[in-house]
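**Student:** Just so it is clear, I am handing over input_35.txt, which has compact mmCIF, C-alpha atoms.
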# COMPACT_ATOMS: atom_id res chain seq x y z
CA MET C 9 128.54 -66.04 158.70
CA LYS C 10 126.00 -68.85 159.18
CA LYS C 11 124.03 -66.65 161.59
CA HIS C 12 124.03 -63.83 159.06
CA ILE C 13 122.72 -66.18 156.37
CA LEU C 14 119.97 -67.40 158.71
CA TYR C 15 118.92 -63.83 159.44
CA ILE C 16 118.84 -63.00 155.71
CA THR C 17 116.71 -66.08 155.02
CA LEU C 18 114.22 -65.23 157.78
CA LEU C 19 114.03 -61.63 156.55
CA ILE C 20 113.25 -62.78 153.01
CA ILE C 21 110.48 -65.06 154.29
CA LEU C 22 108.96 -62.27 156.40
CA VAL C 23 109.09 -59.78 153.52
CA SER C 24 107.48 -62.31 151.19
CA VAL C 25 104.66 -63.03 153.63
CA ASN C 26 104.11 -59.30 154.14
CA LEU C 27 104.01 -58.71 150.40
CA TYR C 28 101.49 -61.49 149.99
CA SER C 29 99.21 -59.94 152.61
CA GLN C 30 99.46 -56.57 150.84
CA ASN C 31 98.80 -58.00 147.38
CA ARG C 32 96.06 -60.53 148.01
CA ASN C 33 93.34 -58.11 146.92
CA LYS C 34 95.17 -56.74 143.87
CA LYS C 35 94.09 -57.51 140.34
CA GLY C 36 96.11 -59.38 137.75
CA PHE C 37 96.55 -62.76 139.41
CA ILE C 38 96.23 -66.08 137.63
CA GLU C 39 92.75 -67.49 137.49
CA SER C 40 92.10 -71.23 137.24
CA ASP C 41 89.04 -73.38 137.47
CA THR C 42 90.92 -75.62 139.90
CA ILE C 43 91.60 -72.79 142.38
CA LYS C 44 88.77 -72.24 144.79
CA GLN C 45 87.78 -68.77 145.94
CA GLY C 46 90.17 -67.66 148.69
CA LYS C 47 92.71 -70.42 148.12
CA SER C 48 96.23 -69.00 148.39
CA ILE C 49 98.58 -72.01 148.47
CA GLN C 50 98.82 -75.20 146.44
CA LEU C 51 101.18 -78.09 147.22
CA VAL C 52 102.26 -80.56 144.55
CA ALA C 53 103.72 -83.62 146.32
CA LEU C 54 106.50 -85.60 144.65
CA PRO C 55 107.38 -89.15 145.70
CA ILE C 56 110.91 -89.73 144.39
CA VAL C 57 112.45 -93.00 143.20
CA PHE C 58 115.41 -92.82 140.80
CA TYR C 59 118.79 -94.07 139.66
CA THR C 60 121.78 -91.97 138.57
CA PRO C 61 125.47 -92.77 138.08
CA GLU C 62 126.39 -90.56 141.06
CA THR C 63 123.89 -91.99 143.54
CA GLU C 64 122.80 -95.35 142.11
CA PHE C 65 119.37 -96.19 143.59
CA GLY C 66 117.72 -93.36 145.52
CA PHE C 67 114.39 -92.66 147.12
CA GLY C 68 112.70 -89.89 149.05
CA GLY C 69 110.08 -87.23 148.75
CA GLY C 70 109.56 -83.60 148.01
CA GLY C 71 107.17 -81.10 146.61
CA GLN C 72 106.56 -77.73 145.09
CA LEU C 73 104.63 -75.15 147.07
CA PHE C 74 102.89 -72.53 144.92
CA PHE C 75 101.77 -69.18 146.33
CA LEU C 76 98.76 -68.68 144.08
CA ARG C 77 98.23 -65.00 144.89
CA ASN C 78 101.87 -63.93 144.87
CA VAL C 79 102.44 -63.61 141.13
CA ASN C 80 104.71 -61.77 138.74
CA GLU C 81 102.07 -59.69 136.97
CA TYR C 82 104.27 -59.21 133.90
CA ASN C 83 104.57 -62.88 132.92
CA GLN C 84 102.12 -64.61 135.32
CA ARG C 85 104.82 -66.72 137.01
CA MET C 86 103.97 -67.76 140.56
CA SER C 87 106.16 -67.52 143.62
CA ASN C 88 107.04 -71.05 144.68
CA ILE C 89 109.32 -73.18 146.82
CA PHE C 90 110.65 -76.50 145.54
CA PHE C 91 112.09 -78.90 148.14
CA SER C 92 113.26 -82.51 148.33
CA ALA C 93 114.93 -84.96 150.70
CA ILE C 94 116.66 -88.04 149.30
CA TYR C 95 118.58 -91.05 150.62
CA THR C 96 120.53 -93.36 148.31
CA SER C 97 121.97 -96.85 148.27
CA GLN C 98 125.43 -95.22 148.42
CA LYS C 99 124.52 -93.86 151.88
CA GLN C 100 124.17 -90.33 150.54
CA PHE C 101 121.69 -87.88 152.02
CA ILE C 102 120.60 -84.83 150.04
CA PHE C 103 118.25 -82.05 151.09
CA GLU C 104 117.51 -79.18 148.71
CA ALA C 105 115.21 -76.17 148.79
CA THR C 106 114.74 -73.58 146.03
CA PRO C 107 112.52 -70.62 146.97
CA GLN C 108 111.63 -68.26 144.11
CA ILE C 109 109.73 -65.25 145.40
CA TYR C 110 108.36 -62.26 143.48
CA LEU C 111 108.08 -58.90 145.23
CA GLY C 112 106.38 -55.68 144.17
CA HIS C 113 104.08 -57.42 141.68
CA GLY C 114 107.13 -58.80 139.85
CA ASP C 115 109.46 -55.80 139.87
CA TYR C 116 111.81 -57.68 142.22
CA PHE C 117 112.71 -61.36 142.32
CA ILE C 118 114.42 -63.37 145.07
CA ASP C 119 116.04 -66.57 143.83
CA MET C 120 117.49 -68.87 146.50
CA PHE C 121 119.11 -72.28 146.59
CA TYR C 122 120.05 -74.25 149.71
CA THR C 123 121.47 -77.75 149.92
CA TYR C 124 122.80 -79.96 152.70
CA ARG C 125 124.59 -83.08 151.52
CA VAL C 126 126.33 -86.00 153.15
CA PHE C 127 127.83 -87.34 149.97
CA PRO C 128 130.27 -90.22 149.45
CA ASN C 129 131.57 -89.47 145.95
CA SER C 130 134.16 -90.39 143.32
CA PHE C 131 137.17 -88.43 142.08
CA TRP C 132 139.41 -88.99 139.03
CA GLY C 133 141.64 -85.93 139.24
CA LEU C 134 141.66 -82.69 137.25
CA GLY C 135 141.66 -82.23 133.49
CA PRO C 136 140.01 -83.59 130.33
CA THR C 137 142.05 -86.81 130.02
CA THR C 138 141.93 -88.40 133.48
CA PRO C 139 141.91 -92.21 133.08
CA GLU C 140 139.24 -94.43 134.60
CA SER C 141 141.98 -96.15 136.62
CA ASN C 142 142.36 -92.93 138.66
CA LYS C 143 138.94 -93.40 140.26
CA GLU C 144 138.92 -93.14 144.05
CA SER C 145 136.28 -92.56 146.70
CA TYR C 146 136.00 -89.74 149.20
CA ASN C 147 133.37 -88.46 151.64
CA GLN C 148 132.24 -84.85 151.81
CA THR C 149 129.62 -82.93 153.79
CA THR C 150 128.29 -79.79 152.12
CA ASN C 151 126.33 -76.77 153.33
CA LYS C 152 125.58 -74.39 150.49
CA LEU C 153 123.37 -71.31 150.22
CA ASP C 154 123.00 -68.90 147.30
CA ILE C 155 120.72 -65.85 147.52
CA SER C 156 120.09 -63.52 144.59
CA LEU C 157 117.98 -60.36 144.45
CA LEU C 158 117.12 -59.17 140.95
CA LYS C 159 115.42 -55.99 139.73
CA ARG C 160 113.25 -56.08 136.64
CA LEU C 161 114.36 -53.81 133.79
CA PRO C 162 111.46 -53.78 131.29
CA PRO C 163 110.51 -55.63 129.31
CA ASN C 164 112.42 -58.91 129.90
CA LEU C 165 115.72 -57.81 131.45
CA ASN C 166 116.79 -58.41 135.04
CA PHE C 167 119.85 -57.27 136.99
CA GLY C 168 120.86 -58.08 140.54
CA LEU C 169 123.37 -59.07 143.18
CA SER C 170 124.01 -62.35 144.96
CA VAL C 171 125.46 -63.67 148.21
CA ASN C 172 127.17 -67.05 147.92
CA TYR C 173 128.20 -69.34 150.78
CA ALA C 174 129.46 -72.92 150.62
CA ASP C 175 131.20 -75.01 153.27
CA TYR C 176 132.77 -78.25 152.01
CA GLN C 177 134.11 -80.58 154.69
CA ILE C 178 136.18 -83.53 153.49
CA THR C 179 135.60 -86.28 156.06
CA GLU C 180 137.42 -89.20 154.44
CA VAL C 181 139.79 -89.79 151.50
CA LEU C 182 141.54 -92.84 150.09
CA GLU C 183 144.85 -93.34 151.86
CA GLY C 184 147.65 -92.81 149.38
CA GLY C 185 145.23 -91.52 146.73
CA ILE C 186 145.16 -88.33 144.69
CA LEU C 187 143.26 -86.30 147.29
CA ASP C 188 145.47 -87.65 150.08
CA SER C 189 148.57 -86.33 148.30
CA GLY C 190 147.69 -82.72 149.16
CA THR C 191 148.33 -81.51 145.61
CA ILE C 192 144.67 -80.89 144.78
CA PRO C 193 143.32 -77.52 146.03
CA GLY C 194 140.35 -78.17 148.30
CA SER C 195 141.45 -81.69 149.24
CA GLU C 196 141.33 -80.71 152.92
CA GLY C 197 138.00 -78.93 152.55
CA ALA C 198 137.05 -75.45 151.45
CA LYS C 199 134.88 -72.47 152.25
CA ILE C 200 133.66 -70.42 149.31
CA ILE C 201 132.14 -67.12 150.45
CA GLY C 202 131.56 -63.98 148.48
CA LEU C 203 129.38 -61.74 146.38
CA GLY C 204 128.24 -61.79 142.79
CA ALA C 205 126.40 -59.95 140.04
CA ILE C 206 123.77 -61.29 137.63
CA PHE C 207 122.30 -60.00 134.39
CA ASN C 208 119.72 -61.92 132.41
CA LEU C 209 117.21 -61.62 129.61
CA ASP C 210 114.29 -64.01 129.94
CA SER C 211 111.50 -64.18 127.37
CA ARG C 212 110.59 -67.86 127.89
CA ASP C 213 106.89 -68.64 127.88
CA ASP C 214 107.37 -71.08 130.77
CA ILE C 215 110.16 -71.96 133.20
CA GLY C 216 109.47 -75.66 133.78
CA ALA C 217 109.11 -76.69 130.13
CA PRO C 218 109.62 -73.77 127.71
CA GLN C 219 108.03 -73.96 124.27
CA SER C 220 109.27 -70.63 122.91
CA GLY C 221 111.44 -67.66 123.79
CA ASN C 222 115.05 -67.06 124.79
CA TYR C 223 117.16 -67.01 127.93
CA LEU C 224 120.50 -65.24 128.31
CA SER C 225 122.33 -65.12 131.64
CA LEU C 226 125.68 -63.57 132.50
CA SER C 227 126.93 -63.89 136.06
CA ALA C 228 130.11 -63.26 138.01
CA ARG C 229 131.01 -64.55 141.46
CA PHE C 230 133.89 -63.40 143.62
CA SER C 231 135.07 -65.53 146.54
CA SER C 232 137.24 -63.56 148.95
CA GLU C 233 139.19 -64.20 152.12
CA LEU C 234 137.77 -60.88 153.36
CA PHE C 235 134.46 -62.72 153.88
CA GLY C 236 136.06 -65.77 155.50
CA ALA C 237 136.67 -67.87 152.40
CA THR C 238 139.62 -70.26 152.34
CA HIS C 239 140.23 -69.58 148.64
CA ALA C 240 140.09 -66.34 146.64
CA PHE C 241 138.96 -66.70 143.03
CA ASN C 242 136.55 -65.37 140.41
CA LYS C 243 133.98 -67.35 138.43
CA PHE C 244 132.19 -66.20 135.27
CA ILE C 245 129.20 -68.08 133.85
CA LEU C 246 127.51 -67.70 130.47
CA ASP C 247 124.20 -69.49 129.82
CA LEU C 248 122.48 -69.06 126.42
CA ARG C 249 119.24 -70.89 125.56
CA THR C 250 116.71 -70.62 122.76
CA TYR C 251 113.49 -72.49 122.04
CA ARG C 252 112.25 -72.76 118.45
CA PRO C 253 108.79 -74.16 117.63
CA LEU C 254 108.87 -76.55 114.67
CA ALA C 255 105.20 -77.43 114.56
CA GLU C 256 102.18 -77.27 116.82
CA LYS C 257 103.49 -80.01 119.13
CA SER C 258 107.27 -79.98 118.68
CA ILE C 259 110.23 -77.68 119.35
CA LEU C 260 114.01 -77.59 119.13
CA ALA C 261 115.87 -76.30 122.18
CA PHE C 262 119.52 -75.21 122.10
CA ARG C 263 121.92 -74.36 124.89
CA LEU C 264 125.46 -73.01 125.14
CA TYR C 265 126.87 -73.08 128.67
CA SER C 266 130.34 -72.09 129.84
CA GLU C 267 132.16 -71.61 133.14
CA ASN C 268 135.50 -69.88 133.56
CA THR C 269 137.31 -69.58 136.90
CA PHE C 270 140.49 -67.66 137.69
CA GLY C 271 142.60 -67.62 140.83
CA ASP C 272 143.13 -70.03 143.71
CA VAL C 273 140.23 -72.36 142.90
CA PRO C 274 139.45 -75.44 145.05
CA PHE C 275 138.22 -78.41 143.05
CA GLN C 276 134.76 -77.91 144.62
CA GLY C 277 134.56 -74.51 142.91
CA MET C 278 135.68 -75.70 139.49
CA ALA C 279 133.45 -76.61 136.57
CA THR C 280 132.16 -80.19 136.65
CA TYR C 281 131.27 -82.02 133.44
CA GLY C 282 128.32 -84.42 133.63
CA GLY C 283 125.08 -84.78 135.55
CA SER C 284 121.38 -84.52 134.81
CA LYS C 285 121.33 -80.84 133.79
CA TYR C 286 124.57 -80.13 131.98
CA ALA C 287 126.00 -83.27 130.33
CA ARG C 288 123.71 -86.26 130.56
CA GLY C 289 125.60 -89.45 129.79
CA TYR C 290 128.51 -88.67 132.13
CA PHE C 291 129.03 -89.03 135.86
CA ASN C 292 128.67 -85.57 137.41
CA GLY C 293 132.28 -84.60 138.07
CA ARG C 294 133.88 -87.25 135.87
CA PHE C 295 135.87 -84.37 134.36
CA ILE C 296 136.74 -81.28 136.44
CA ASP C 297 138.79 -78.20 135.64
CA LYS C 298 138.85 -74.40 135.72
CA HIS C 299 137.20 -73.91 132.33
CA MET C 300 134.31 -75.71 130.62
CA TYR C 301 131.86 -75.35 127.77
CA ILE C 302 128.87 -77.49 126.75
CA VAL C 303 126.77 -77.23 123.58
CA GLN C 304 123.55 -79.22 123.43
CA ALA C 305 120.38 -79.53 121.39
CA GLU C 306 117.13 -81.24 122.30
CA TYR C 307 114.05 -82.14 120.27
CA ARG C 308 110.79 -82.24 122.26
CA TYR C 309 107.49 -83.63 121.02
CA ARG C 310 104.42 -83.06 123.20
CA PHE C 311 102.26 -85.91 121.93
CA LYS C 312 99.64 -85.34 124.62
CA GLU C 313 98.82 -82.34 126.79
CA ARG C 314 100.71 -83.77 129.76
CA TRP C 315 103.22 -86.05 127.99
CA THR C 316 106.41 -85.16 126.08
CA LEU C 317 109.07 -87.24 124.33
CA ALA C 318 112.61 -85.89 123.96
CA ALA C 319 115.87 -86.71 122.18
CA PHE C 320 119.13 -84.85 122.79
CA GLY C 321 122.75 -84.64 121.73
CA LEU C 322 125.65 -82.64 123.17
CA PHE C 323 129.39 -82.13 123.23
CA GLY C 324 131.85 -80.16 125.32
CA SER C 325 135.04 -80.35 127.34
CA VAL C 326 137.03 -78.99 130.28
CA ASN C 327 140.56 -77.60 130.48
CA GLU C 328 142.95 -75.76 132.78
CA GLU C 329 143.46 -73.06 130.14
CA ALA C 330 140.50 -71.28 128.53
CA GLY C 331 142.31 -70.95 125.20
CA GLU C 332 142.76 -74.71 124.94
CA LEU C 333 138.99 -75.18 124.73
CA LEU C 334 139.02 -73.42 121.34
CA SER C 335 141.15 -76.23 119.89
CA PHE C 336 138.17 -78.58 120.33
CA ASN C 337 140.42 -81.38 121.55
CA ASN C 338 139.22 -84.04 123.98
CA LEU C 339 135.53 -83.57 123.12
CA LYS C 340 133.05 -85.41 125.32
CA PRO C 341 129.94 -86.11 123.20
CA SER C 342 126.79 -87.87 124.34
CA PHE C 343 123.26 -88.54 123.15
CA GLY C 344 120.04 -89.92 124.56
CA GLY C 345 116.35 -89.41 125.10
CA GLY C 346 113.54 -89.60 127.57
CA ILE C 347 109.98 -88.86 128.54
CA ARG C 348 108.28 -86.18 130.64
CA PHE C 349 104.96 -86.11 132.49
CA LYS C 350 103.16 -83.03 133.80
CA LEU C 351 102.02 -83.70 137.36
CA VAL C 352 99.24 -81.13 137.67
CA LYS C 353 97.28 -79.71 134.75
CA ASP C 354 97.35 -76.10 135.97
CA GLN C 355 100.94 -75.98 137.29
CA SER C 356 104.17 -76.32 135.33
CA THR C 357 105.75 -79.14 137.33
CA TRP C 358 107.10 -81.92 135.12
CA LEU C 359 108.72 -85.24 135.99
CA ARG C 360 111.62 -86.04 133.66
CA LEU C 361 113.23 -89.43 132.94
CA ASP C 362 116.26 -89.54 130.60
CA TYR C 363 118.89 -91.99 129.46
CA GLY C 364 122.20 -90.63 128.21
CA LYS C 365 125.21 -92.39 126.70
CA GLY C 366 128.68 -90.90 126.44
CA ILE C 367 132.02 -92.28 125.28
CA ASP C 368 134.32 -94.81 126.97
CA GLY C 369 131.39 -96.69 128.48
CA GLN C 370 129.92 -93.67 130.25
CA SER C 371 126.10 -93.69 130.56
CA GLY C 372 123.39 -92.83 133.01
CA ILE C 373 119.70 -92.86 133.84
CA TYR C 374 118.46 -89.51 135.15
CA PHE C 375 115.32 -88.57 137.04
CA GLY C 376 114.58 -84.89 137.47
CA VAL C 377 111.93 -82.25 137.93
CA ASN C 378 111.30 -80.01 134.90
CA GLU C 379 113.42 -79.86 131.76
CA ALA C 380 117.21 -79.97 131.95
CA PHE C 381 117.23 -76.52 130.33
Take the structure I supplied and represent it as structure tokens, if you would.
**Tutor:**
Amino acid sequence: MKKHILYITLLIILVSVNLYSQNRNKKGFIESDTIKQGKSIQLVALPIVFYTPETEFGFGGGGQLFFLRNVNEYNQRMSNIFFSAIYTSQKQFIFEATPQIYLGHGDYFIDMFYTYRVFPNSFWGLGPTTPESNKESYNQTTNKLDISLLKRLPPNLNFGLSVNYADYQITEVLEGGILDSGTIPGSEGAKIIGLGAIFNLDSRDDIGAPQSGNYLSLSARFSSELFGATHAFNKFILDLRTYRPLAEKSILAFRLYSENTFGDVPFQGMATYGGSKYARGYFNGRFIDKHMYIVQAEYRYRFKERWTLAAFGLFGSVNEEAGELLSFNNLKPSFGGGIRFKLVKDQSTWLRLDYGKGIDGQSGIYFGVNEAF
């Protein structure tokens, strides 16, 4: 399976390079006074220093590689690859790469995500009411690759298929702890392998820091033993976002996000509440279960061309049964704020720093690239 994934990745790179060579003389590409005649690639370097509840102090580097002549002609978005390598004070190593490549002038879109992690982590058990006293440590090494190919359906619709692969190797657990008991699915490791389908509507004016428009995504993933997975289950994800201008320099952004999984689900494949993108103010994975929803709103004020202030609030929960979420019990609210800085005037790459505070003493400082949503 790993060889097949490598071949697919190499094929995508070769096709993208070939498309670029075919399209370099076409009209309709972005023009900028900072792009010299004949320049085809721009690299935005990112030194990384941060602190989060999951990693504590971390440092590393990364960047975003823009292919200036490989552009979606319908919305002027550039093909790009974002990558980063990070080491933390908790002895965690994280490498991530996110290629986003447009083919056929924007009629096709390849969206990829790869991560390799050596990640000592914390676990409290499953459910919305796990006590802090449950906390235990475990070590896990992760190889994960998602590849999606989407076809544009005018004007702003996209439909496609995905290949999903994840190998979670548990290398150490607390003796006598929850994971050591063998009652948690995935406690001895897991392989999640399968196919998926994606449908989205995307009218955002910008991906990195939207100021207007809407985003609707519906996706389904099916992990099957037929492909070599250790667990067979289905996951359905709904992601709704809207961006409403209030004045010339300010907007309100709203998001409704939900995950629902059915079947023999390892804890690595369940919904995780917390983290820098979904529920700031909570440790990523503080609450884990088969079903989750999160509702959040964020006010953003761009007080200078390359500077933005933000304030946010959210609530949500997890549960083993989807119907129990409708009772709105065990809500996990949080609030916070932060600041953003645009690295390069002509490219939408933003550095984001947020502080979030939840209940029961939960809080976190979050460093990220681009808006949380």
**Student:** So which residues touch stretch 369-378 of chain C within 8 Å, counting only C-alpha atoms, skipping near sequence neighbours fewer than 4 positions away, as number ranges by chain?
**Tutor:** C: 58-61, 216-217, 284, 288-291, 357-365
**Student:** So the first atom is atom CA of C:Tyr146 and the second is atom CA of C:Ala174; what is the distance between them in Å, to one decimal place?
**Tutor:**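 Computed distance, atom CA of C:Tyr146 to atom CA of C:Ala174, equals 18.1 Å.
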**Student:** Pick from C:Val126, C:Leu333, C:Met86, C:Leu351: nearest to C:Asp214, with all atoms listed in the file counted?
**Tutor:**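 Checking each candidate against C:Asp214, we get C:Met86 as the closest.
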**Student:** For C:Leu165, list every protein, DNA or RNA residue within 9 Å, evaluated using all atoms listed in the file, and leave out those in the same chain fewer than 5 positions away; present the list as a VMD selection string.
**Tutor:** chain C and resid 159 to 160 207 to 211
**Student:** Separation of atom CA of C:Phe230 and atom CA of C:Asn338, in Å?
**Tutor:**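 One can read the atom CA of C:Phe230 to atom CA of C:Asn338 distance as 29.0 Å.
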**Student:** Which residues, protein or nucleic acid, reach to within 8 Å of (139.1, -75.6, 145.3) in the file's coordinates when using all atoms listed in the file, and can you give that as a ChimeraX atom specification?
**Tutor:** /C:192-195,198,239,272-278
**Student:** Can you pull out every residue within 8 Å of C:Leu264, counting all atoms listed in the file, but drop anything in the same chain fewer than 5 positions away, and send it as a count of residues only?
**Tutor:** 8
**Student:** Would you list the contacts of C:Leu51 as a ChimeraX atom specification, taking every protein, DNA or RNA residue within 9 Å and counting all atoms listed in the file, but skipping same-chain residues closer than 2 positions in sequence?
**Tutor:** /C:49,53,71-75
